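**Q** Sharing model.tsv (TSV, C-alpha atoms) below.
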```tsv
chain	number	residue	atom	x	y	z
A	1	MET	CA	-2.74	35.86	36.52
A	2	GLU	CA	-5.04	37.94	34.34
A	3	ILE	CA	-4.27	35.66	31.39
A	4	PHE	CA	-5.35	32.56	33.32
A	5	ARG	CA	-8.63	34.23	34.33
A	6	GLN	CA	-9.46	34.78	30.65
A	7	ILE	CA	-8.98	31.09	29.75
A	8	ARG	CA	-12.29	29.23	29.41
A	9	TRP	CA	-12.74	25.50	29.98
A	10	GLN	CA	-13.56	25.26	26.25
A	11	ASP	CA	-10.08	26.60	25.45
A	12	VAL	CA	-8.47	23.90	27.60
A	13	VAL	CA	-10.53	21.19	25.88
A	14	ASP	CA	-9.68	22.69	22.48
A	15	ILE	CA	-5.91	22.64	23.20
A	16	LEU	CA	-6.02	19.09	24.57
A	17	LEU	CA	-7.95	17.85	21.51
A	18	VAL	CA	-5.49	19.47	19.10
A	19	ALA	CA	-2.55	18.01	21.07
A	20	PHE	CA	-4.14	14.55	20.98
A	21	ILE	CA	-4.80	14.78	17.23
A	22	VAL	CA	-1.21	15.89	16.52
A	23	TYR	CA	0.11	13.08	18.76
A	24	ARG	CA	-1.99	10.45	16.94
A	25	ILE	CA	-0.88	11.80	13.54
A	26	LEU	CA	2.78	11.57	14.59
A	27	LEU	CA	2.23	7.98	15.78
A	28	LEU	CA	0.53	7.16	12.49
A	29	ILE	CA	3.37	8.46	10.31
A	30	LYS	CA	6.20	7.31	12.59
A	31	GLY	CA	8.72	5.28	10.58
A	32	THR	CA	7.10	6.13	7.22
A	33	ARG	CA	8.12	8.34	4.31
A	34	ALA	CA	5.54	10.86	5.48
A	35	ILE	CA	8.13	12.19	7.96
A	36	GLN	CA	10.40	13.15	5.04
A	37	MET	CA	7.47	14.83	3.32
A	38	LEU	CA	6.70	16.85	6.46
A	39	VAL	CA	10.33	17.98	6.56
A	40	GLY	CA	9.99	19.08	2.93
A	41	LEU	CA	6.85	21.05	3.74
A	42	GLY	CA	8.66	22.64	6.68
A	43	ILE	CA	11.49	23.73	4.37
A	44	LEU	CA	8.94	25.32	2.01
A	45	LEU	CA	7.39	27.18	4.93
A	46	ILE	CA	10.81	28.50	5.97
A	47	ALA	CA	11.49	29.51	2.34
A	48	LEU	CA	8.21	31.45	2.33
A	49	MET	CA	9.16	33.33	5.50
A	50	ILE	CA	12.67	34.13	4.24
A	51	SER	CA	11.39	35.27	0.81
A	52	LYS	CA	8.99	37.68	2.50
A	53	TRP	CA	11.71	38.95	4.81
A	54	ILE	CA	14.29	39.74	2.11
A	55	ASN	CA	11.75	40.61	-0.62
A	56	LEU	CA	12.42	37.75	-3.06
A	57	TYR	CA	9.23	38.34	-5.02
A	58	THR	CA	9.55	35.50	-7.56
A	59	ILE	CA	10.25	32.83	-4.93
A	60	ASP	CA	7.50	34.31	-2.76
A	61	TRP	CA	5.03	34.03	-5.66
A	62	LEU	CA	6.04	30.41	-6.40
A	63	VAL	CA	5.73	29.30	-2.77
A	64	GLN	CA	2.46	31.21	-2.35
A	65	SER	CA	1.09	29.44	-5.44
A	66	PHE	CA	2.01	26.08	-3.90
A	67	TRP	CA	0.41	26.90	-0.53
A	68	SER	CA	-2.82	27.86	-2.27
A	69	GLN	CA	-3.08	24.19	-3.35
A	70	ILE	CA	-1.81	22.77	-0.04
A	71	VAL	CA	-4.99	20.80	0.81
A	72	LEU	CA	-4.93	18.94	-2.50
A	73	ALA	CA	-1.17	18.40	-2.18
A	74	LEU	CA	-1.55	16.95	1.33
A	75	ILE	CA	-4.25	14.52	0.16
A	76	ILE	CA	-2.00	13.29	-2.67
A	77	LEU	CA	1.20	13.11	-0.59
A	78	PHE	CA	-0.35	11.47	2.46
A	79	GLN	CA	-2.83	9.17	0.74
A	80	PRO	CA	-1.57	5.94	2.43
A	81	GLU	CA	-1.52	7.58	5.88
A	82	LEU	CA	-4.99	9.06	5.40
A	83	ARG	CA	-6.29	5.64	4.35
A	84	ARG	CA	-4.78	4.11	7.48
A	85	ALA	CA	-6.25	6.87	9.67
A	86	LEU	CA	-9.72	6.29	8.23
A	87	ALA	CA	-9.28	2.57	8.86
A	88	HIS	CA	-8.53	3.33	12.53
A	89	ILE	CA	-11.69	5.45	12.72
A	90	GLY	CA	-13.60	2.52	11.23
A	91	GLU	CA	-12.45	0.40	14.18
A	92	ASN	CA	-14.75	2.38	16.47
A	93	PRO	CA	-16.79	-0.07	18.62
A	94	LEU	CA	-20.04	1.49	17.37
A	95	LEU	CA	-19.09	0.53	13.80
A	96	TYR	CA	-17.72	-2.89	14.67
A	97	PRO	CA	-20.63	-5.01	13.38
A	98	PHE	CA	-19.83	-3.73	9.87
A	99	SER	CA	-16.07	-4.11	10.40
A	100	TYR	CA	-16.60	-7.66	11.69
A	101	VAL	CA	-18.33	-8.68	8.45
A	102	GLU	CA	-15.64	-7.04	6.28
A	103	GLU	CA	-12.79	-8.67	8.21
A	104	SER	CA	-14.47	-12.08	8.00
A	105	ARG	CA	-14.83	-11.63	4.25
A	106	HIS	CA	-11.15	-10.87	3.75
A	107	ILE	CA	-10.12	-13.79	6.01
A	108	GLU	CA	-12.30	-16.10	3.91
A	109	GLU	CA	-10.45	-14.99	0.75
A	110	ILE	CA	-7.12	-15.92	2.36
A	111	VAL	CA	-8.46	-19.31	3.53
A	112	ARG	CA	-9.86	-20.12	0.08
A	113	THR	CA	-6.51	-19.16	-1.46
A	114	ALA	CA	-4.56	-21.48	0.86
A	115	VAL	CA	-6.92	-24.40	0.18
A	116	SER	CA	-6.82	-23.85	-3.58
A	117	LEU	CA	-3.00	-23.71	-3.61
A	118	SER	CA	-2.86	-26.76	-1.33
A	119	ASN	CA	-5.03	-28.82	-3.67
A	120	ARG	CA	-2.71	-27.98	-6.59
A	121	LYS	CA	0.49	-28.35	-4.49
A	122	ILE	CA	1.63	-24.84	-5.35
A	123	GLY	CA	4.07	-23.52	-2.76
A	124	SER	CA	3.19	-20.18	-1.19
A	125	LEU	CA	4.05	-17.83	1.65
A	126	ILE	CA	1.40	-15.37	2.84
A	127	VAL	CA	2.43	-12.85	5.52
A	128	ILE	CA	-0.28	-10.91	7.37
A	129	GLU	CA	0.99	-7.76	9.05
A	130	ARG	CA	-0.16	-6.89	12.57
A	131	GLU	CA	1.30	-4.17	14.82
A	132	THR	CA	4.91	-4.39	13.60
A	133	ASP	CA	5.48	-2.43	10.38
A	134	LEU	CA	6.94	-4.66	7.65
A	135	LYS	CA	8.04	-1.80	5.38
A	136	ASN	CA	11.66	-3.04	5.18
A	137	PHE	CA	10.49	-6.34	3.70
A	138	ILE	CA	7.89	-4.62	1.49
A	139	GLU	CA	10.57	-2.41	-0.07
A	140	MET	CA	12.57	-5.50	-1.08
A	141	GLY	CA	9.61	-6.91	-3.03
A	142	THR	CA	7.26	-5.66	-5.73
A	143	GLU	CA	4.69	-3.17	-4.43
A	144	LEU	CA	1.15	-4.05	-5.53
A	145	ASP	CA	-1.55	-2.39	-3.36
A	146	ALA	CA	-4.37	-4.66	-4.54
A	147	LYS	CA	-7.58	-5.89	-2.93
A	148	VAL	CA	-7.25	-9.19	-1.04
A	149	SER	CA	-8.88	-11.79	-3.26
A	150	LYS	CA	-8.37	-15.47	-4.00
A	151	GLU	CA	-7.94	-14.83	-7.74
A	152	ILE	CA	-5.12	-12.31	-7.30
A	153	LEU	CA	-3.30	-14.32	-4.63
A	154	VAL	CA	-3.48	-17.57	-6.62
A	155	SER	CA	-2.20	-15.82	-9.76
A	156	ILE	CA	0.79	-14.41	-7.83
A	157	PHE	CA	1.91	-17.89	-6.75
A	158	GLN	CA	1.51	-19.55	-10.14
A	159	PRO	CA	4.90	-21.02	-11.25
A	160	THR	CA	4.78	-18.77	-14.34
A	161	SER	CA	4.53	-15.62	-12.20
A	162	PRO	CA	7.81	-13.66	-11.93
A	163	ILE	CA	7.23	-13.10	-8.18
A	164	HIS	CA	5.94	-16.54	-7.21
A	165	ASP	CA	9.06	-17.50	-5.22
A	166	GLY	CA	8.78	-14.67	-2.69
A	167	ALA	CA	6.26	-13.91	0.01
A	168	VAL	CA	3.06	-11.89	-0.29
A	169	ILE	CA	2.54	-9.29	2.43
A	170	ILE	CA	-1.02	-8.32	3.40
A	171	ARG	CA	-1.84	-5.21	5.42
A	172	GLY	CA	-5.46	-4.92	6.48
A	173	LYS	CA	-7.59	-5.65	3.43
A	174	ARG	CA	-4.87	-4.90	0.87
A	175	ILE	CA	-2.13	-6.96	-0.75
A	176	ILE	CA	0.77	-4.55	-0.26
A	177	ALA	CA	3.59	-6.42	-1.99
A	178	GLY	CA	4.66	-9.68	-3.59
A	179	GLY	CA	7.99	-11.38	-4.25
A	180	CYS	CA	9.28	-10.29	-0.83
A	181	PHE	CA	12.34	-11.98	0.67
A	182	LEU	CA	12.20	-12.91	4.35
A	183	PRO	CA	14.95	-13.72	6.85
A	184	LEU	CA	15.56	-17.43	7.39
A	185	SER	CA	15.45	-18.79	10.92
A	186	LEU	CA	18.79	-20.17	12.13
A	187	ARG	CA	17.29	-22.32	14.89
A	188	ALA	CA	18.83	-25.79	15.11
A	189	ASP	CA	15.67	-27.43	16.46
A	190	ILE	CA	13.65	-26.94	13.25
A	191	SER	CA	12.79	-30.23	11.56
A	192	ARG	CA	14.86	-31.02	8.47
A	193	SER	CA	11.65	-31.92	6.67
A	194	LEU	CA	10.75	-28.22	6.60
A	195	GLY	CA	12.03	-26.32	3.58
A	196	THR	CA	13.13	-22.75	2.90
A	197	ARG	CA	9.56	-21.37	2.91
A	198	HIS	CA	8.91	-22.73	6.40
A	199	ARG	CA	12.24	-21.41	7.69
A	200	ALA	CA	11.44	-17.99	6.21
A	201	ALA	CA	8.00	-18.04	7.87
A	202	ILE	CA	9.56	-18.89	11.24
A	203	GLY	CA	12.28	-16.27	10.69
A	204	ILE	CA	9.90	-13.35	10.05
A	205	THR	CA	7.69	-14.29	13.01
A	206	GLU	CA	10.72	-14.41	15.29
A	207	GLU	CA	11.49	-10.80	14.41
A	208	THR	CA	7.92	-9.43	14.15
A	209	ASP	CA	4.38	-10.18	15.33
A	210	ALA	CA	3.24	-11.09	11.81
A	211	VAL	CA	1.17	-14.21	11.10
A	212	VAL	CA	2.34	-16.38	8.21
A	213	ILE	CA	0.50	-19.04	6.21
A	214	VAL	CA	2.70	-21.55	4.36
A	215	VAL	CA	1.63	-24.05	1.70
A	216	SER	CA	4.15	-26.81	1.03
A	217	GLU	CA	5.09	-27.37	-2.60
A	218	GLU	CA	5.98	-31.02	-1.92
A	219	THR	CA	2.95	-32.16	0.13
A	220	GLY	CA	0.40	-29.36	-0.24
A	221	ALA	CA	0.14	-29.22	3.58
A	222	ILE	CA	-1.03	-25.92	5.08
A	223	SER	CA	0.85	-24.52	8.09
A	224	ILE	CA	0.49	-21.37	10.16
A	225	VAL	CA	3.37	-19.69	11.98
A	226	ILE	CA	2.92	-17.32	14.94
A	227	GLY	CA	5.68	-16.07	17.23
A	228	GLY	CA	8.23	-18.45	15.74
A	229	GLU	CA	6.03	-21.50	16.43
A	230	ILE	CA	4.67	-23.54	13.52
A	231	THR	CA	1.41	-25.51	13.46
A	232	GLN	CA	1.26	-27.93	10.55
A	233	ASN	CA	-1.34	-29.86	8.55
A	234	LEU	CA	-4.26	-27.49	9.05
A	235	ASP	CA	-7.56	-28.14	7.34
A	236	MET	CA	-9.83	-25.42	5.95
A	237	ASN	CA	-11.97	-25.07	9.10
A	238	THR	CA	-9.04	-24.98	11.52
A	239	LEU	CA	-7.26	-22.33	9.44
A	240	ARG	CA	-10.43	-20.23	9.25
A	241	GLU	CA	-11.02	-20.50	13.00
A	242	THR	CA	-7.41	-19.58	13.82
A	243	LEU	CA	-7.37	-16.52	11.56
A	244	THR	CA	-10.82	-15.40	12.67
A	245	ASP	CA	-9.77	-15.60	16.30
A	246	LEU	CA	-6.59	-13.61	15.63
A	247	PHE	CA	-7.94	-10.90	13.33
A	248	VAL	CA	-11.69	-10.68	13.98
A	249	ARG	CA	-12.74	-11.95	17.41
A	250	LYS	CA	-9.83	-10.67	19.52
A	251	PRO	CA	-9.84	-7.13	18.02
A	252	HIS	CA	-13.63	-7.12	18.42
A	253	ARG	CA	-13.44	-8.04	22.12
A	254	LYS	CA	-10.63	-5.52	22.66
A	255	ALA	CA	-12.62	-2.70	21.05
A	256	MET	CA	-15.74	-3.50	23.06
A	257	LYS	CA	-13.90	-3.24	26.40
```
Mind converting the file's structure to structure tokens?

**A**
Amino acid sequence: MEIFRQIRWQDVVDILLVAFIVYRILLLIKGTRAIQMLVGLGILLIALMISKWINLYTIDWLVQSFWSQIVLALIILFQPELRRALAHIGENPLLYPFSYVEESRHIEEIVRTAVSLSNRKIGSLIVIERETDLKNFIEMGTELDAKVSKEILVSIFQPTSPIHDGAVIIRGKRIIAGGCFLPLSLRADISRSLGTRHRAAIGITEETDAVVIVVSEETGAISIVIGGEITQNLDMNTLRETLTDLFVRKPHRKAMK
């Protein structure tokens, strides 16, 4: 009982905050390679303890040297996760006016890309990640990690590009990968006029919550696929409104609640 009397309310708040931070970090790295890195760091920590216990001075010196640079090592190893964490912080409702402008800008780049490809009748498949992690499909393509821009996206889908046949996957404001292969939908009710790109777009949205924009190589028509349902023949304004509602307005309203 004496121990409980010595606990201050600040200590309780401190413990709860640390627990919440650890929980959020674990959620952030769940299903990523960061878990394997954490296991590796844990092994090094165990090696340090064992080397001290049985007096292995050389190993102890090596591990100690590594731990002295641990902060820099963590920044390098967990760079993608840190970037994602900072992005989550940026979604704070107080900062949303700035986030709203940035999101609108990146949506406009995607819309301009689709219209440009449509005018030239260049087939394309643009996948925008939402809550479901698309890492399995990213690993099958060519990792890029580039800024979302019309110029880069159009160049990827040029017939001379080695990755023009696959899909581009966008996460946030970054082009994560190109030349990605997607699962084809096996539904019998899909129109025969729809080609492989459209079936791939329907297939990935049946398995995940991703949003996919398809440009037909034959007609240049722009389609959007959400939840396995395809909406065809979109013009520039309709595409912009749909994407803005999905990625800018709805998150904005959700954050303000």

**Q** Just checking: using all atoms listed in the file, which residue out of A:Glu206, A:Glu151, A:Glu131, A:Asp165 ends up closest to Ile230 in chain A?

**A**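 Of all the options, A:Glu206 lies closest to Ile230 in chain A.
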
**Q** Provide the CA of Thr142 in chain A to CA of Glu229 in chain A distance in Å, to one decimal place.

**A** 27.3 Å

**Q** So, counting all atoms listed in the file, which residue among A:Ile107, A:Leu117, A:Leu194, A:Val127 is closest to Lys173 in chain A?

**A**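 Among A:Ile107, A:Leu117, A:Leu194, A:Val127, it is A:Ile107 that comes nearest to Lys173 in chain A.
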
**Q** Return the single residue from A:Val111, A:Ile169, A:Val39, A:Val154 that is closest to Leu134 in chain A, with distances computed using all atoms listed in the file.

**A** A:Ile169

**Q** From the options A:Val215, A:Ile138, A:Ile170, A:Asp189, which residue's atoms come nearest to Ala201 in chain A, counting all atoms listed in the file?

**A**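 Comparing A:Val215, A:Ile138, A:Ile170, A:Asp189 against Ala201 in chain A, the winner is A:Val215.
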
**Q** What residues have an atom no more than 8 Å from (-2.5, -3.7, 7.4) in the file's own frame, counting all atoms listed in the file, and can you write them as a list in words?

**A**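 Here the neighbourhood of the point contains Ile128, Glu129, Arg130, Ile170, Arg171, Gly172, Lys173 and Arg174 of chain A.
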
**Q** Have a look at CA of Ile15 in chain A and CA of Leu41 in chain A and let me know their distance in Å, one decimal.

**A**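 Straight-line distance from CA of Ile15 in chain A to CA of Leu41 in chain A works out to 23.3 Å.
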
**Q** Mind dumping range 50-65 of chain A from that block, keeping all heavy atoms, as a PDB file, in the first residue's frame?

**A**
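selection-v1.pdb, freshly written:
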```
ATOM      1  N   ILE A  50      24.655 -10.448 -22.510  1.00  0.00           N
ATOM      2  CA  ILE A  50      25.416 -11.705 -22.356  1.00  0.00           C
ATOM      3  C   ILE A  50      26.925 -11.428 -22.319  1.00  0.00           C
ATOM      4  O   ILE A  50      27.669 -12.005 -21.516  1.00  0.00           O
ATOM      5  CB  ILE A  50      25.075 -12.685 -23.499  1.00  0.00           C
ATOM      6  CG1 ILE A  50      23.622 -13.155 -23.372  1.00  0.00           C
ATOM      7  CG2 ILE A  50      26.020 -13.883 -23.492  1.00  0.00           C
ATOM      8  CD1 ILE A  50      23.142 -14.003 -24.543  1.00  0.00           C
ATOM      9  N   SER A  51      27.376 -10.504 -23.226  1.00  0.00           N
ATOM     10  CA  SER A  51      28.811 -10.195 -23.274  1.00  0.00           C
ATOM     11  C   SER A  51      29.295  -9.585 -21.965  1.00  0.00           C
ATOM     12  O   SER A  51      30.422  -9.847 -21.531  1.00  0.00           O
ATOM     13  CB  SER A  51      29.105  -9.255 -24.444  1.00  0.00           C
ATOM     14  OG  SER A  51      28.456  -8.003 -24.263  1.00  0.00           O
ATOM     15  N   LYS A  52      28.441  -8.792 -21.317  1.00  0.00           N
ATOM     16  CA  LYS A  52      28.814  -8.217 -20.022  1.00  0.00           C
ATOM     17  C   LYS A  52      28.856  -9.304 -18.944  1.00  0.00           C
ATOM     18  O   LYS A  52      29.717  -9.309 -18.063  1.00  0.00           O
ATOM     19  CB  LYS A  52      27.818  -7.122 -19.630  1.00  0.00           C
ATOM     20  CG  LYS A  52      28.039  -5.805 -20.345  1.00  0.00           C
ATOM     21  CD  LYS A  52      27.066  -4.753 -19.825  1.00  0.00           C
ATOM     22  CE  LYS A  52      27.332  -3.399 -20.473  1.00  0.00           C
ATOM     23  NZ  LYS A  52      28.636  -2.838 -20.083  1.00  0.00           N
ATOM     24  N   TRP A  53      27.911 -10.229 -19.064  1.00  0.00           N
ATOM     25  CA  TRP A  53      27.780 -11.273 -18.035  1.00  0.00           C
ATOM     26  C   TRP A  53      28.952 -12.243 -18.053  1.00  0.00           C
ATOM     27  O   TRP A  53      29.466 -12.650 -17.010  1.00  0.00           O
ATOM     28  CB  TRP A  53      26.449 -12.013 -18.255  1.00  0.00           C
ATOM     29  CG  TRP A  53      26.172 -13.071 -17.238  1.00  0.00           C
ATOM     30  CD1 TRP A  53      26.359 -13.013 -15.882  1.00  0.00           C
ATOM     31  CD2 TRP A  53      25.656 -14.383 -17.510  1.00  0.00           C
ATOM     32  NE1 TRP A  53      25.984 -14.179 -15.275  1.00  0.00           N
ATOM     33  CE2 TRP A  53      25.541 -15.042 -16.257  1.00  0.00           C
ATOM     34  CE3 TRP A  53      25.259 -15.039 -18.668  1.00  0.00           C
ATOM     35  CZ2 TRP A  53      25.066 -16.350 -16.145  1.00  0.00           C
ATOM     36  CZ3 TRP A  53      24.781 -16.329 -18.555  1.00  0.00           C
ATOM     37  CH2 TRP A  53      24.684 -16.979 -17.312  1.00  0.00           C
ATOM     38  N   ILE A  54      29.393 -12.640 -19.262  1.00  0.00           N
ATOM     39  CA  ILE A  54      30.492 -13.627 -19.338  1.00  0.00           C
ATOM     40  C   ILE A  54      31.835 -12.990 -19.742  1.00  0.00           C
ATOM     41  O   ILE A  54      32.764 -13.688 -20.139  1.00  0.00           O
ATOM     42  CB  ILE A  54      30.132 -14.775 -20.299  1.00  0.00           C
ATOM     43  CG1 ILE A  54      29.846 -14.243 -21.715  1.00  0.00           C
ATOM     44  CG2 ILE A  54      28.939 -15.550 -19.807  1.00  0.00           C
ATOM     45  CD1 ILE A  54      29.560 -15.354 -22.729  1.00  0.00           C
ATOM     46  N   ASN A  55      31.881 -11.637 -19.673  1.00  0.00           N
ATOM     47  CA  ASN A  55      33.138 -10.907 -19.884  1.00  0.00           C
ATOM     48  C   ASN A  55      33.757 -11.116 -21.275  1.00  0.00           C
ATOM     49  O   ASN A  55      34.959 -11.376 -21.409  1.00  0.00           O
ATOM     50  CB  ASN A  55      34.170 -11.279 -18.807  1.00  0.00           C
ATOM     51  CG  ASN A  55      33.696 -10.898 -17.419  1.00  0.00           C
ATOM     52  OD1 ASN A  55      33.092  -9.832 -17.252  1.00  0.00           O
ATOM     53  ND2 ASN A  55      33.950 -11.738 -16.445  1.00  0.00           N
ATOM     54  N   LEU A  56      32.915 -11.023 -22.312  1.00  0.00           N
ATOM     55  CA  LEU A  56      33.431 -11.038 -23.687  1.00  0.00           C
ATOM     56  C   LEU A  56      33.726  -9.597 -24.090  1.00  0.00           C
ATOM     57  O   LEU A  56      32.875  -8.904 -24.634  1.00  0.00           O
ATOM     58  CB  LEU A  56      32.405 -11.690 -24.640  1.00  0.00           C
ATOM     59  CG  LEU A  56      32.025 -13.142 -24.349  1.00  0.00           C
ATOM     60  CD1 LEU A  56      30.942 -13.616 -25.299  1.00  0.00           C
ATOM     61  CD2 LEU A  56      33.263 -14.040 -24.463  1.00  0.00           C
ATOM     62  N   TYR A  57      34.942  -9.150 -23.811  1.00  0.00           N
ATOM     63  CA  TYR A  57      35.266  -7.732 -23.915  1.00  0.00           C
ATOM     64  C   TYR A  57      35.197  -7.193 -25.347  1.00  0.00           C
ATOM     65  O   TYR A  57      34.748  -6.072 -25.577  1.00  0.00           O
ATOM     66  CB  TYR A  57      36.661  -7.470 -23.319  1.00  0.00           C
ATOM     67  CG  TYR A  57      36.748  -7.815 -21.856  1.00  0.00           C
ATOM     68  CD1 TYR A  57      37.571  -8.848 -21.414  1.00  0.00           C
ATOM     69  CD2 TYR A  57      35.995  -7.114 -20.916  1.00  0.00           C
ATOM     70  CE1 TYR A  57      37.655  -9.187 -20.071  1.00  0.00           C
ATOM     71  CE2 TYR A  57      36.073  -7.441 -19.561  1.00  0.00           C
ATOM     72  CZ  TYR A  57      36.887  -8.479 -19.156  1.00  0.00           C
ATOM     73  OH  TYR A  57      36.949  -8.804 -17.834  1.00  0.00           O
ATOM     74  N   THR A  58      35.635  -7.989 -26.325  1.00  0.00           N
ATOM     75  CA  THR A  58      35.633  -7.512 -27.715  1.00  0.00           C
ATOM     76  C   THR A  58      34.212  -7.325 -28.227  1.00  0.00           C
ATOM     77  O   THR A  58      33.876  -6.288 -28.810  1.00  0.00           O
ATOM     78  CB  THR A  58      36.379  -8.503 -28.638  1.00  0.00           C
ATOM     79  OG1 THR A  58      37.681  -8.726 -28.108  1.00  0.00           O
ATOM     80  CG2 THR A  58      36.476  -7.947 -30.050  1.00  0.00           C
ATOM     81  N   ILE A  59      33.369  -8.335 -28.000  1.00  0.00           N
ATOM     82  CA  ILE A  59      31.961  -8.227 -28.415  1.00  0.00           C
ATOM     83  C   ILE A  59      31.283  -7.082 -27.675  1.00  0.00           C
ATOM     84  O   ILE A  59      30.511  -6.306 -28.251  1.00  0.00           O
ATOM     85  CB  ILE A  59      31.207  -9.555 -28.170  1.00  0.00           C
ATOM     86  CG1 ILE A  59      31.748 -10.631 -29.118  1.00  0.00           C
ATOM     87  CG2 ILE A  59      29.708  -9.389 -28.372  1.00  0.00           C
ATOM     88  CD1 ILE A  59      31.136 -11.996 -28.922  1.00  0.00           C
ATOM     89  N   ASP A  60      31.582  -6.956 -26.390  1.00  0.00           N
ATOM     90  CA  ASP A  60      31.007  -5.872 -25.588  1.00  0.00           C
ATOM     91  C   ASP A  60      31.387  -4.520 -26.169  1.00  0.00           C
ATOM     92  O   ASP A  60      30.551  -3.611 -26.280  1.00  0.00           O
ATOM     93  CB  ASP A  60      31.496  -5.990 -24.138  1.00  0.00           C
ATOM     94  CG  ASP A  60      30.864  -4.939 -23.245  1.00  0.00           C
ATOM     95  OD1 ASP A  60      29.629  -4.778 -23.304  1.00  0.00           O
ATOM     96  OD2 ASP A  60      31.609  -4.260 -22.504  1.00  0.00           O
ATOM     97  N   TRP A  61      32.647  -4.374 -26.581  1.00  0.00           N
ATOM     98  CA  TRP A  61      33.108  -3.104 -27.165  1.00  0.00           C
ATOM     99  C   TRP A  61      32.398  -2.811 -28.492  1.00  0.00           C
ATOM    100  O   TRP A  61      31.974  -1.689 -28.747  1.00  0.00           O
ATOM    101  CB  TRP A  61      34.618  -3.162 -27.382  1.00  0.00           C
ATOM    102  CG  TRP A  61      35.148  -1.936 -28.077  1.00  0.00           C
ATOM    103  CD1 TRP A  61      35.407  -0.718 -27.516  1.00  0.00           C
ATOM    104  CD2 TRP A  61      35.465  -1.822 -29.471  1.00  0.00           C
ATOM    105  NE1 TRP A  61      35.867   0.153 -28.476  1.00  0.00           N
ATOM    106  CE2 TRP A  61      35.897  -0.486 -29.688  1.00  0.00           C
ATOM    107  CE3 TRP A  61      35.428  -2.702 -30.543  1.00  0.00           C
ATOM    108  CZ2 TRP A  61      36.288  -0.027 -30.933  1.00  0.00           C
ATOM    109  CZ3 TRP A  61      35.808  -2.246 -31.790  1.00  0.00           C
ATOM    110  CH2 TRP A  61      36.236  -0.926 -31.986  1.00  0.00           C
ATOM    111  N   LEU A  62      32.248  -3.851 -29.335  1.00  0.00           N
ATOM    112  CA  LEU A  62      31.588  -3.676 -30.629  1.00  0.00           C
ATOM    113  C   LEU A  62      30.128  -3.258 -30.458  1.00  0.00           C
ATOM    114  O   LEU A  62      29.651  -2.323 -31.107  1.00  0.00           O
ATOM    115  CB  LEU A  62      31.659  -4.977 -31.447  1.00  0.00           C
ATOM    116  CG  LEU A  62      33.023  -5.333 -32.046  1.00  0.00           C
ATOM    117  CD1 LEU A  62      32.997  -6.731 -32.635  1.00  0.00           C
ATOM    118  CD2 LEU A  62      33.402  -4.313 -33.127  1.00  0.00           C
ATOM    119  N   VAL A  63      29.419  -3.960 -29.562  1.00  0.00           N
ATOM    120  CA  VAL A  63      28.003  -3.648 -29.350  1.00  0.00           C
ATOM    121  C   VAL A  63      27.849  -2.277 -28.708  1.00  0.00           C
ATOM    122  O   VAL A  63      26.956  -1.502 -29.060  1.00  0.00           O
ATOM    123  CB  VAL A  63      27.318  -4.750 -28.500  1.00  0.00           C
ATOM    124  CG1 VAL A  63      25.853  -4.392 -28.250  1.00  0.00           C
ATOM    125  CG2 VAL A  63      27.407  -6.096 -29.195  1.00  0.00           C
ATOM    126  N   GLN A  64      28.732  -1.951 -27.774  1.00  0.00           N
ATOM    127  CA  GLN A  64      28.694  -0.633 -27.126  1.00  0.00           C
ATOM    128  C   GLN A  64      28.907   0.474 -28.156  1.00  0.00           C
ATOM    129  O   GLN A  64      28.264   1.524 -28.104  1.00  0.00           O
ATOM    130  CB  GLN A  64      29.773  -0.544 -26.038  1.00  0.00           C
ATOM    131  CG  GLN A  64      29.439  -1.307 -24.787  1.00  0.00           C
ATOM    132  CD  GLN A  64      28.532  -0.517 -23.840  1.00  0.00           C
ATOM    133  OE1 GLN A  64      27.908   0.450 -24.241  1.00  0.00           O
ATOM    134  NE2 GLN A  64      28.465  -0.950 -22.604  1.00  0.00           N
ATOM    135  N   SER A  65      29.832   0.240 -29.094  1.00  0.00           N
ATOM    136  CA  SER A  65      30.098   1.217 -30.155  1.00  0.00           C
ATOM    137  C   SER A  65      28.856   1.438 -31.008  1.00  0.00           C
ATOM    138  O   SER A  65      28.544   2.566 -31.413  1.00  0.00           O
ATOM    139  CB  SER A  65      31.260   0.751 -31.035  1.00  0.00           C
ATOM    140  OG  SER A  65      32.434   0.601 -30.276  1.00  0.00           O
TER     141      SER A  65
END
```
